[in-house]
Amino acid sequence: MSRYLLLTLLVTFLPLQALAEHADSTPYTYIYNAPESDLDVRYQYHWEILQTALEKTRPKYGGYAMTPSPRMSEKRQTAELMKGSELISVMYLGTTQEFEKKLIPIRIPVDKNLGGYNVFLVRRDSLGKFADVQSIKDLQKFSYGLGSGWVDVGILESNGFTVITGSSYDGLFRMLVERRFDIFLRGAVEVLDEVEQRKHAMPDLRIEDSIVLYYPLPMYFWFSKNAQGQKLAQRAEEGMRMMIADGSFDRIFEKYQRHKIEQLHLRTRKIFRINNPYLVRETPFDDKRLWFDPLTDKRKFNPAQSRQGDSRH
């Protein structure tokens, strides 16, 4: 994907008026984590959620600006946000106890925990290895590729899994092809787009079609723990809760995610569950509106409301 196309896609979901407002013209400037590569489209749904929340609160708070940060890894995003850097003011990541102490979260899982339902991206010639998997112990026999500094690394390792880390997002796909590990663990929110984008360059990539490895992975918007971060978080949270109340949160979720839920047939896969040791007591499990569950999901797929067929989510 070219930089020109990526910019075009960003403009598609950010209203021109929001893009036009210069960061210096408003105290509500949201500098969000940029894609990690030209093929990285993992976050466009999430920034539409944030942008919509800010629009909902425009009558109360006035204008705002959204602008991408310099390209940086998740590890660096975290470091910059923790020190209150001017390079980034909001990021989207899973919760950890350290984050909860050193940053300000909006405790609304932005993807409704769909990213906690993980499928296996594998090589075509290894698909037969998963037919006899019946237990967590069976799954522990494989090696799993993840990014260095990703929250998932500690989750898997604490549950007895072997994890091989890579230093770059794009590099992990090459590592899988080069047999550095057996499985590139991918959330249901991202894997279809990733395979579509790489089907010509990496034709042997396949999505295993019978297994889900699940752990609760609430992905939040995070802000610096200072006065500016508090101000930005307060506005965004007010808008997100307005969206939940008026149904616009669910409508955006359905538009971006429904075809993935159906295409990956999450309802009929074998689901293996492991614990996430990084969750805190304040995790909002009691509010069922915030969590997707394929076993209780009763919505029907409506292609007219989906982004199916796009090369991005």
# chains A, B, ... in the order shown; residues from 1 in each chain; ligands from 1
>>> closest_atom_pairs(of="segment 86-178 of chain A", to="segment 228-240 of chain A", cutoff="12 Å", atoms="only C-alpha atoms", output="tab-separated table")
residue	atom	partner	partner_atom	distance
A:Glu86	CA	A:Gln228	CA	10.8
A:Ile88	CA	A:Gly229	CA	10.6
A:Ser89	CA	A:Gly229	CA	7.1
A:Val90	CA	A:Gly229	CA	8.2
A:Met91	CA	A:Ala233	CA	11.2
A:Lys102	CA	A:Gly229	CA	11.5
A:Leu103	CA	A:Gly229	CA	8.6
A:Ile104	CA	A:Gln230	CA	7.1
A:Pro105	CA	A:Ala233	CA	7.6
A:Ile106	CA	A:Glu237	CA	6.1
A:Arg107	CA	A:Glu237	CA	8.6
A:Ile108	CA	A:Met240	CA	8.1
A:Pro109	CA	A:Met240	CA	10.5
A:Val110	CA	A:Met240	CA	9.2
>>> residues_around(residues="Lys56 of chain A", least_positions_apart="4", cutoff="12 Å", atoms="only C-alpha atoms", output="list in words")
Ile49, Leu50, Gln51, Thr52, Lys60, Tyr61, Gly62, Gly63, Tyr64, Arg235, Ala236, Glu237, Glu238, Gly239, Met240, Arg241, Met242, Met243, Ile244, Ala245, Asp246, Ser248 and Phe249 of chain A
>>> write_last_selection(atoms="C-alpha atoms", output="mmCIF file, in the first residue's frame")
data_model
loop_
_atom_site.group_PDB
_atom_site.id
_atom_site.type_symbol
_atom_site.label_atom_id
_atom_site.label_comp_id
_atom_site.auth_asym_id
_atom_site.auth_seq_id
_atom_site.Cartn_x
_atom_site.Cartn_y
_atom_site.Cartn_z
ATOM 1 C CA ILE A 49 -14.677 5.415 17.223
ATOM 2 C CA LEU A 50 -12.571 8.163 18.793
ATOM 3 C CA GLN A 51 -13.377 10.700 16.089
ATOM 4 C CA THR A 52 -17.103 10.001 16.440
ATOM 5 C CA LYS A 60 -19.973 20.998 24.838
ATOM 6 C CA TYR A 61 -16.232 21.217 24.239
ATOM 7 C CA GLY A 62 -15.868 22.851 20.825
ATOM 8 C CA GLY A 63 -13.303 21.954 18.179
ATOM 9 C CA TYR A 64 -10.577 19.348 18.261
ATOM 10 C CA ARG A 235 -13.930 14.393 26.682
ATOM 11 C CA ALA A 236 -13.324 11.153 24.791
ATOM 12 C CA GLU A 237 -14.994 9.038 27.481
ATOM 13 C CA GLU A 238 -18.062 11.276 27.580
ATOM 14 C CA GLY A 239 -18.406 10.895 23.828
ATOM 15 C CA MET A 240 -17.930 7.130 23.886
ATOM 16 C CA ARG A 241 -20.598 6.714 26.545
ATOM 17 C CA MET A 242 -22.955 8.858 24.476
ATOM 18 C CA MET A 243 -22.257 6.517 21.562
ATOM 19 C CA ILE A 244 -23.054 3.443 23.647
ATOM 20 C CA ALA A 245 -26.322 5.034 24.778
ATOM 21 C CA ASP A 246 -27.486 6.109 21.312
ATOM 22 C CA SER A 248 -23.714 4.591 17.265
ATOM 23 C CA PHE A 249 -20.900 2.605 18.935
#
>>> closest_atom_pairs(of="segment 218-313 of chain A", to="segment 140-161 of chain A", cutoff="12 Å", atoms="only C-alpha atoms", output="CSV")
residue,atom,partner,partner_atom,distance
A:Pro218,CA,A:Val151,CA,10.9
A:Met219,CA,A:Val151,CA,10.3
A:Phe272,CA,A:Gln140,CA,11.5
A:Arg273,CA,A:Asn159,CA,10.3
A:Ile274,CA,A:Asn159,CA,6.9
A:Asn275,CA,A:Asn159,CA,7.2
A:Asn276,CA,A:Ile155,CA,5.5
A:Pro277,CA,A:Ile155,CA,6.6
A:Tyr278,CA,A:Ile155,CA,7.7
A:Leu279,CA,A:Ile155,CA,10.3
>>> residues_around(residues="Ile31 of chain A", least_positions_apart="2", cutoff="12 Å", atoms="only C-alpha atoms", output="PDB file with N, CA and C atoms, in the first residue's frame")
ATOM      1  N   LEU A  19      -9.661  17.395  10.324  1.00  0.00           N
ATOM      2  CA  LEU A  19      -8.300  17.411   9.828  1.00  0.00           C
ATOM      3  C   LEU A  19      -7.796  18.829   9.628  1.00  0.00           C
ATOM      4  N   HIS A  22      -5.911  23.002  12.943  1.00  0.00           N
ATOM      5  CA  HIS A  22      -4.509  22.818  13.271  1.00  0.00           C
ATOM      6  C   HIS A  22      -4.345  22.484  14.740  1.00  0.00           C
ATOM      7  N   ALA A  23      -3.351  21.676  15.040  1.00  0.00           N
ATOM      8  CA  ALA A  23      -3.159  21.226  16.414  1.00  0.00           C
ATOM      9  C   ALA A  23      -2.970  22.381  17.382  1.00  0.00           C
ATOM     10  N   ASP A  24      -2.437  23.517  16.906  1.00  0.00           N
ATOM     11  CA  ASP A  24      -2.201  24.643  17.803  1.00  0.00           C
ATOM     12  C   ASP A  24      -3.459  25.455  18.072  1.00  0.00           C
ATOM     13  N   PRO A  27      -7.236  23.269  22.392  1.00  0.00           N
ATOM     14  CA  PRO A  27      -6.608  22.539  23.496  1.00  0.00           C
ATOM     15  C   PRO A  27      -6.893  21.039  23.434  1.00  0.00           C
ATOM     16  N   TYR A  28      -7.803  20.631  22.540  1.00  0.00           N
ATOM     17  CA  TYR A  28      -8.158  19.216  22.423  1.00  0.00           C
ATOM     18  C   TYR A  28      -7.487  18.632  21.178  1.00  0.00           C
ATOM     19  N   THR A  29      -6.202  18.394  21.304  1.00  0.00           N
ATOM     20  CA  THR A  29      -5.421  17.831  20.212  1.00  0.00           C
ATOM     21  C   THR A  29      -5.071  16.384  20.534  1.00  0.00           C
ATOM     22  N   ASN A  33      -1.418   7.097  17.758  1.00  0.00           N
ATOM     23  CA  ASN A  33      -0.340   6.277  17.228  1.00  0.00           C
ATOM     24  C   ASN A  33      -0.567   5.962  15.752  1.00  0.00           C
ATOM     25  N   ALA A  34       0.421   6.292  14.963  1.00  0.00           N
ATOM     26  CA  ALA A  34       0.351   6.095  13.509  1.00  0.00           C
ATOM     27  C   ALA A  34       0.537   4.620  13.168  1.00  0.00           C
ATOM     28  N   TRP A  47      -9.847   4.569  15.427  1.00  0.00           N
ATOM     29  CA  TRP A  47      -9.803   6.030  15.330  1.00  0.00           C
ATOM     30  C   TRP A  47     -11.134   6.592  14.845  1.00  0.00           C
ATOM     31  N   LEU A  50     -13.006   6.966  18.069  1.00  0.00           N
ATOM     32  CA  LEU A  50     -12.571   8.163  18.793  1.00  0.00           C
ATOM     33  C   LEU A  50     -13.074   9.423  18.114  1.00  0.00           C
ATOM     34  N   GLN A  51     -12.935   9.508  16.815  1.00  0.00           N
ATOM     35  CA  GLN A  51     -13.377  10.700  16.089  1.00  0.00           C
ATOM     36  C   GLN A  51     -14.875  10.937  16.264  1.00  0.00           C
ATOM     37  N   TYR A  64     -11.630  20.282  17.876  1.00  0.00           N
ATOM     38  CA  TYR A  64     -10.577  19.348  18.261  1.00  0.00           C
ATOM     39  C   TYR A  64      -9.705  19.109  17.046  1.00  0.00           C
ATOM     40  N   ALA A  65      -8.577  18.488  17.252  1.00  0.00           N
ATOM     41  CA  ALA A  65      -7.705  18.081  16.148  1.00  0.00           C
ATOM     42  C   ALA A  65      -7.273  16.643  16.367  1.00  0.00           C
ATOM     43  N   MET A  66      -7.196  15.869  15.289  1.00  0.00           N
ATOM     44  CA  MET A  66      -6.633  14.526  15.318  1.00  0.00           C
ATOM     45  C   MET A  66      -5.517  14.474  14.297  1.00  0.00           C
ATOM     46  N   THR A  67      -4.363  14.043  14.729  1.00  0.00           N
ATOM     47  CA  THR A  67      -3.207  13.991  13.842  1.00  0.00           C
ATOM     48  C   THR A  67      -2.342  12.793  14.188  1.00  0.00           C
ATOM     49  N   PRO A  68      -1.759  12.107  13.205  1.00  0.00           N
ATOM     50  CA  PRO A  68      -0.933  10.930  13.506  1.00  0.00           C
ATOM     51  C   PRO A  68       0.410  11.314  14.099  1.00  0.00           C
ATOM     52  N   SER A  69       0.896  10.473  14.976  1.00  0.00           N
ATOM     53  CA  SER A  69       2.219  10.650  15.556  1.00  0.00           C
ATOM     54  C   SER A  69       3.283  10.221  14.551  1.00  0.00           C
ATOM     55  N   PRO A  70       4.552  10.491  14.840  1.00  0.00           N
ATOM     56  CA  PRO A  70       5.607   9.833  14.057  1.00  0.00           C
ATOM     57  C   PRO A  70       5.463   8.321  14.201  1.00  0.00           C
ATOM     58  N   ARG A  71       5.916   7.580  13.216  1.00  0.00           N
ATOM     59  CA  ARG A  71       5.817   6.118  13.272  1.00  0.00           C
ATOM     60  C   ARG A  71       6.703   5.587  14.390  1.00  0.00           C
ATOM     61  N   GLN A  77       5.636   3.926  21.839  1.00  0.00           N
ATOM     62  CA  GLN A  77       4.399   4.669  22.117  1.00  0.00           C
ATOM     63  C   GLN A  77       4.174   4.755  23.616  1.00  0.00           C
ATOM     64  N   GLU A  80       6.732   7.054  25.394  1.00  0.00           N
ATOM     65  CA  GLU A  80       6.477   8.472  25.131  1.00  0.00           C
ATOM     66  C   GLU A  80       5.252   8.964  25.893  1.00  0.00           C
ATOM     67  N   LEU A  81       4.215   8.135  25.920  1.00  0.00           N
ATOM     68  CA  LEU A  81       2.992   8.552  26.612  1.00  0.00           C
ATOM     69  C   LEU A  81       3.224   8.631  28.115  1.00  0.00           C
ATOM     70  N   GLY A  84       4.764  11.837  29.116  1.00  0.00           N
ATOM     71  CA  GLY A  84       4.037  13.042  28.741  1.00  0.00           C
ATOM     72  C   GLY A  84       4.625  13.748  27.536  1.00  0.00           C
ATOM     73  N   SER A  85       5.179  12.977  26.620  1.00  0.00           N
ATOM     74  CA  SER A  85       5.814  13.528  25.428  1.00  0.00           C
ATOM     75  C   SER A  85       4.809  14.273  24.557  1.00  0.00           C
ATOM     76  N   GLU A  86       5.310  15.246  23.795  1.00  0.00           N
ATOM     77  CA  GLU A  86       4.474  15.953  22.832  1.00  0.00           C
ATOM     78  C   GLU A  86       4.331  15.194  21.523  1.00  0.00           C
ATOM     79  N   LEU A  87       4.972  14.024  21.406  1.00  0.00           N
ATOM     80  CA  LEU A  87       4.914  13.257  20.174  1.00  0.00           C
ATOM     81  C   LEU A  87       3.632  12.446  20.036  1.00  0.00           C
ATOM     82  N   ILE A  88       2.987  12.135  21.153  1.00  0.00           N
ATOM     83  CA  ILE A  88       1.776  11.318  21.130  1.00  0.00           C
ATOM     84  C   ILE A  88       0.940  11.657  22.355  1.00  0.00           C
ATOM     85  N   SER A  89      -0.383  11.711  22.186  1.00  0.00           N
ATOM     86  CA  SER A  89      -1.238  12.025  23.332  1.00  0.00           C
ATOM     87  C   SER A  89      -2.306  10.972  23.584  1.00  0.00           C
ATOM     88  N   VAL A  90      -2.477  10.012  22.665  1.00  0.00           N
ATOM     89  CA  VAL A  90      -3.422   8.919  22.890  1.00  0.00           C
ATOM     90  C   VAL A  90      -2.926   7.699  22.126  1.00  0.00           C
ATOM     91  N   MET A  91      -3.008   6.535  22.754  1.00  0.00           N
ATOM     92  CA  MET A  91      -2.667   5.292  22.059  1.00  0.00           C
ATOM     93  C   MET A  91      -3.739   4.259  22.370  1.00  0.00           C
ATOM     94  N   TYR A  92      -3.741   3.227  21.565  1.00  0.00           N
ATOM     95  CA  TYR A  92      -4.711   2.144  21.701  1.00  0.00           C
ATOM     96  C   TYR A  92      -3.939   0.862  21.961  1.00  0.00           C
ATOM     97  N   PHE A 221      -8.301   3.104  25.036  1.00  0.00           N
ATOM     98  CA  PHE A 221      -7.571   4.319  24.723  1.00  0.00           C
ATOM     99  C   PHE A 221      -6.856   4.766  25.996  1.00  0.00           C
ATOM    100  N   TRP A 222      -5.565   5.098  25.851  1.00  0.00           N
ATOM    101  CA  TRP A 222      -4.729   5.486  26.984  1.00  0.00           C
ATOM    102  C   TRP A 222      -4.214   6.908  26.793  1.00  0.00           C
ATOM    103  N   PHE A 223      -4.077   7.614  27.926  1.00  0.00           N
ATOM    104  CA  PHE A 223      -3.635   8.999  27.914  1.00  0.00           C
ATOM    105  C   PHE A 223      -2.574   9.207  28.998  1.00  0.00           C
ATOM    106  N   SER A 224      -1.759  10.237  28.815  1.00  0.00           N
ATOM    107  CA  SER A 224      -0.741  10.554  29.818  1.00  0.00           C
ATOM    108  C   SER A 224      -1.396  10.912  31.147  1.00  0.00           C
ATOM    109  N   GLY A 229      -3.663  15.042  29.773  1.00  0.00           N
ATOM    110  CA  GLY A 229      -4.190  13.715  29.513  1.00  0.00           C
ATOM    111  C   GLY A 229      -5.561  13.517  30.140  1.00  0.00           C
ATOM    112  N   LEU A 232      -8.136  15.328  27.928  1.00  0.00           N
ATOM    113  CA  LEU A 232      -8.408  14.610  26.692  1.00  0.00           C
ATOM    114  C   LEU A 232      -9.229  13.343  26.953  1.00  0.00           C
TER     115      LEU A 232
END
>>> closest_residue(among="A:Ala201, A:Ile252, A:Pro216, A:Asp293", to="Ala53 of chain A", atoms="only C-alpha atoms")
A:Ile252
>>> atom_distance(atom1="atom CA of Leu127 of chain A", atom2="atom CA of Ser168 of chain A")
24.9 Å
>>> atom_distance(atom1="atom CA of Tyr214 of chain A", atom2="atom CA of Met72 of chain A")
27.6 Å
>>> select_by_dssp(residues="segment 107-252 of chain A", states="strand (DSSP E or B)", output="JSON, numbers by chain")
{"A": [117, 118, 119, 120, 121, 122, 123, 143, 144, 145, 146, 147, 162, 163, 164, 165, 166, 183, 184, 185, 186, 187, 205, 206, 207, 211, 212, 213, 214, 219, 220, 221, 222, 223, 224]}
>>> select_by_dssp(residues="segment 222-301 of chain A", states="helix (DSSP H, G or I)", output="VMD selection string")
chain A and resid 227 to 246 248 to 263 266 to 268 288 to 290
>>> write_last_selection(atoms="C-alpha atoms", output="PDB file, in the first residue's frame")
ATOM      1  CA  ALA A 227      -3.664  17.474  33.468  1.00  0.00           C
ATOM      2  CA  GLN A 228      -3.717  17.473  29.667  1.00  0.00           C
ATOM      3  CA  GLY A 229      -4.190  13.715  29.513  1.00  0.00           C
ATOM      4  CA  GLN A 230      -7.035  13.933  32.012  1.00  0.00           C
ATOM      5  CA  LYS A 231      -8.751  16.594  29.912  1.00  0.00           C
ATOM      6  CA  LEU A 232      -8.408  14.610  26.692  1.00  0.00           C
ATOM      7  CA  ALA A 233      -9.596  11.398  28.343  1.00  0.00           C
ATOM      8  CA  GLN A 234     -12.627  13.038  29.973  1.00  0.00           C
ATOM      9  CA  ARG A 235     -13.930  14.393  26.682  1.00  0.00           C
ATOM     10  CA  ALA A 236     -13.324  11.153  24.791  1.00  0.00           C
ATOM     11  CA  GLU A 237     -14.994   9.038  27.481  1.00  0.00           C
ATOM     12  CA  GLU A 238     -18.062  11.276  27.580  1.00  0.00           C
ATOM     13  CA  GLY A 239     -18.406  10.895  23.828  1.00  0.00           C
ATOM     14  CA  MET A 240     -17.930   7.130  23.886  1.00  0.00           C
ATOM     15  CA  ARG A 241     -20.598   6.714  26.545  1.00  0.00           C
ATOM     16  CA  MET A 242     -22.955   8.858  24.476  1.00  0.00           C
ATOM     17  CA  MET A 243     -22.257   6.517  21.562  1.00  0.00           C
ATOM     18  CA  ILE A 244     -23.054   3.443  23.647  1.00  0.00           C
ATOM     19  CA  ALA A 245     -26.322   5.034  24.778  1.00  0.00           C
ATOM     20  CA  ASP A 246     -27.486   6.109  21.312  1.00  0.00           C
ATOM     21  CA  SER A 248     -23.714   4.591  17.265  1.00  0.00           C
ATOM     22  CA  PHE A 249     -20.900   2.605  18.935  1.00  0.00           C
ATOM     23  CA  ASP A 250     -22.567  -0.660  17.964  1.00  0.00           C
ATOM     24  CA  ARG A 251     -23.318   0.590  14.467  1.00  0.00           C
ATOM     25  CA  ILE A 252     -19.656   1.365  13.801  1.00  0.00           C
ATOM     26  CA  PHE A 253     -18.648  -1.987  15.311  1.00  0.00           C
ATOM     27  CA  GLU A 254     -21.075  -3.776  12.997  1.00  0.00           C
ATOM     28  CA  LYS A 255     -19.903  -1.828   9.961  1.00  0.00           C
ATOM     29  CA  TYR A 256     -16.279  -2.787  10.458  1.00  0.00           C
ATOM     30  CA  GLN A 257     -16.387  -6.110  12.293  1.00  0.00           C
ATOM     31  CA  ARG A 258     -19.521  -8.076  11.419  1.00  0.00           C
ATOM     32  CA  HIS A 259     -18.203  -9.595   8.200  1.00  0.00           C
ATOM     33  CA  LYS A 260     -15.063 -10.721  10.059  1.00  0.00           C
ATOM     34  CA  ILE A 261     -17.139 -12.464  12.725  1.00  0.00           C
ATOM     35  CA  GLU A 262     -19.110 -14.273  10.020  1.00  0.00           C
ATOM     36  CA  GLN A 263     -16.240 -15.021   7.647  1.00  0.00           C
ATOM     37  CA  LEU A 266     -16.322 -17.720  15.329  1.00  0.00           C
ATOM     38  CA  ARG A 267     -19.522 -19.314  16.635  1.00  0.00           C
ATOM     39  CA  THR A 268     -18.586 -22.790  15.447  1.00  0.00           C
ATOM     40  CA  LYS A 288     -22.267  -6.789  29.110  1.00  0.00           C
ATOM     41  CA  ARG A 289     -22.815  -4.089  26.468  1.00  0.00           C
ATOM     42  CA  LEU A 290     -19.060  -3.671  26.257  1.00  0.00           C
TER      43      LEU A 290
END
>>> atom_distance(atom1="atom CA of Phe130 of chain A", atom2="atom CA of Ser167 of chain A")
27.0 Å
>>> closest_residue(among="A:Leu54, A:Lys129, A:Arg124, A:Asp286", to="Leu205 of chain A", atoms="only C-alpha atoms")
A:Arg124
>>> residues_around(residues="Val119 of chain A", least_positions_apart="5", cutoff="9 Å", atoms="only C-alpha atoms", output="short mmCIF file (atom, residue, chain, number, x, y, z; two decimals) with N, CA and C atoms, in the first residue's frame")
data_model
loop_
_atom_site.label_atom_id
_atom_site.label_comp_id
_atom_site.auth_asym_id
_atom_site.auth_seq_id
_atom_site.Cartn_x
_atom_site.Cartn_y
_atom_site.Cartn_z
N PHE A 184 1.52 -17.43 13.89
CA PHE A 184 1.45 -15.99 14.16
C PHE A 184 0.05 -15.76 14.72
N LEU A 185 -0.03 -15.47 16.00
CA LEU A 185 -1.32 -15.34 16.66
C LEU A 185 -1.95 -14.00 16.31
N ARG A 186 -3.16 -14.04 15.72
CA ARG A 186 -3.80 -12.83 15.23
C ARG A 186 -5.22 -12.71 15.76
N GLY A 187 -5.58 -11.50 16.16
CA GLY A 187 -6.93 -11.25 16.62
C GLY A 187 -7.92 -11.29 15.47
N ALA A 188 -9.15 -11.64 15.78
CA ALA A 188 -10.19 -11.73 14.75
C ALA A 188 -10.42 -10.39 14.07
N VAL A 191 -6.93 -10.22 11.12
CA VAL A 191 -6.26 -11.23 10.31
C VAL A 191 -6.73 -11.25 8.85
N ILE A 207 -5.23 -19.05 7.12
CA ILE A 207 -5.89 -18.91 8.41
C ILE A 207 -6.42 -20.28 8.81
N GLU A 208 -5.93 -20.83 9.90
CA GLU A 208 -6.44 -22.11 10.40
C GLU A 208 -7.93 -21.92 10.74
N ASP A 209 -8.77 -22.91 10.40
CA ASP A 209 -10.22 -22.64 10.40
C ASP A 209 -11.03 -23.35 11.47
N SER A 210 -10.40 -23.89 12.52
CA SER A 210 -11.20 -24.62 13.51
C SER A 210 -10.99 -24.19 14.96
N ILE A 211 -9.98 -23.37 15.23
CA ILE A 211 -9.56 -23.10 16.61
C ILE A 211 -9.59 -21.61 16.91
N VAL A 212 -10.02 -21.28 18.11
CA VAL A 212 -9.86 -19.94 18.69
C VAL A 212 -9.11 -20.09 20.02
N LEU A 213 -8.09 -19.29 20.21
CA LEU A 213 -7.44 -19.19 21.51
C LEU A 213 -7.92 -17.88 22.13
N TYR A 214 -8.66 -18.00 23.20
CA TYR A 214 -9.31 -16.82 23.79
C TYR A 214 -8.70 -16.44 25.13
N LEU A 264 -14.99 -15.64 9.65
CA LEU A 264 -14.14 -16.50 10.47
C LEU A 264 -14.97 -17.55 11.23
#
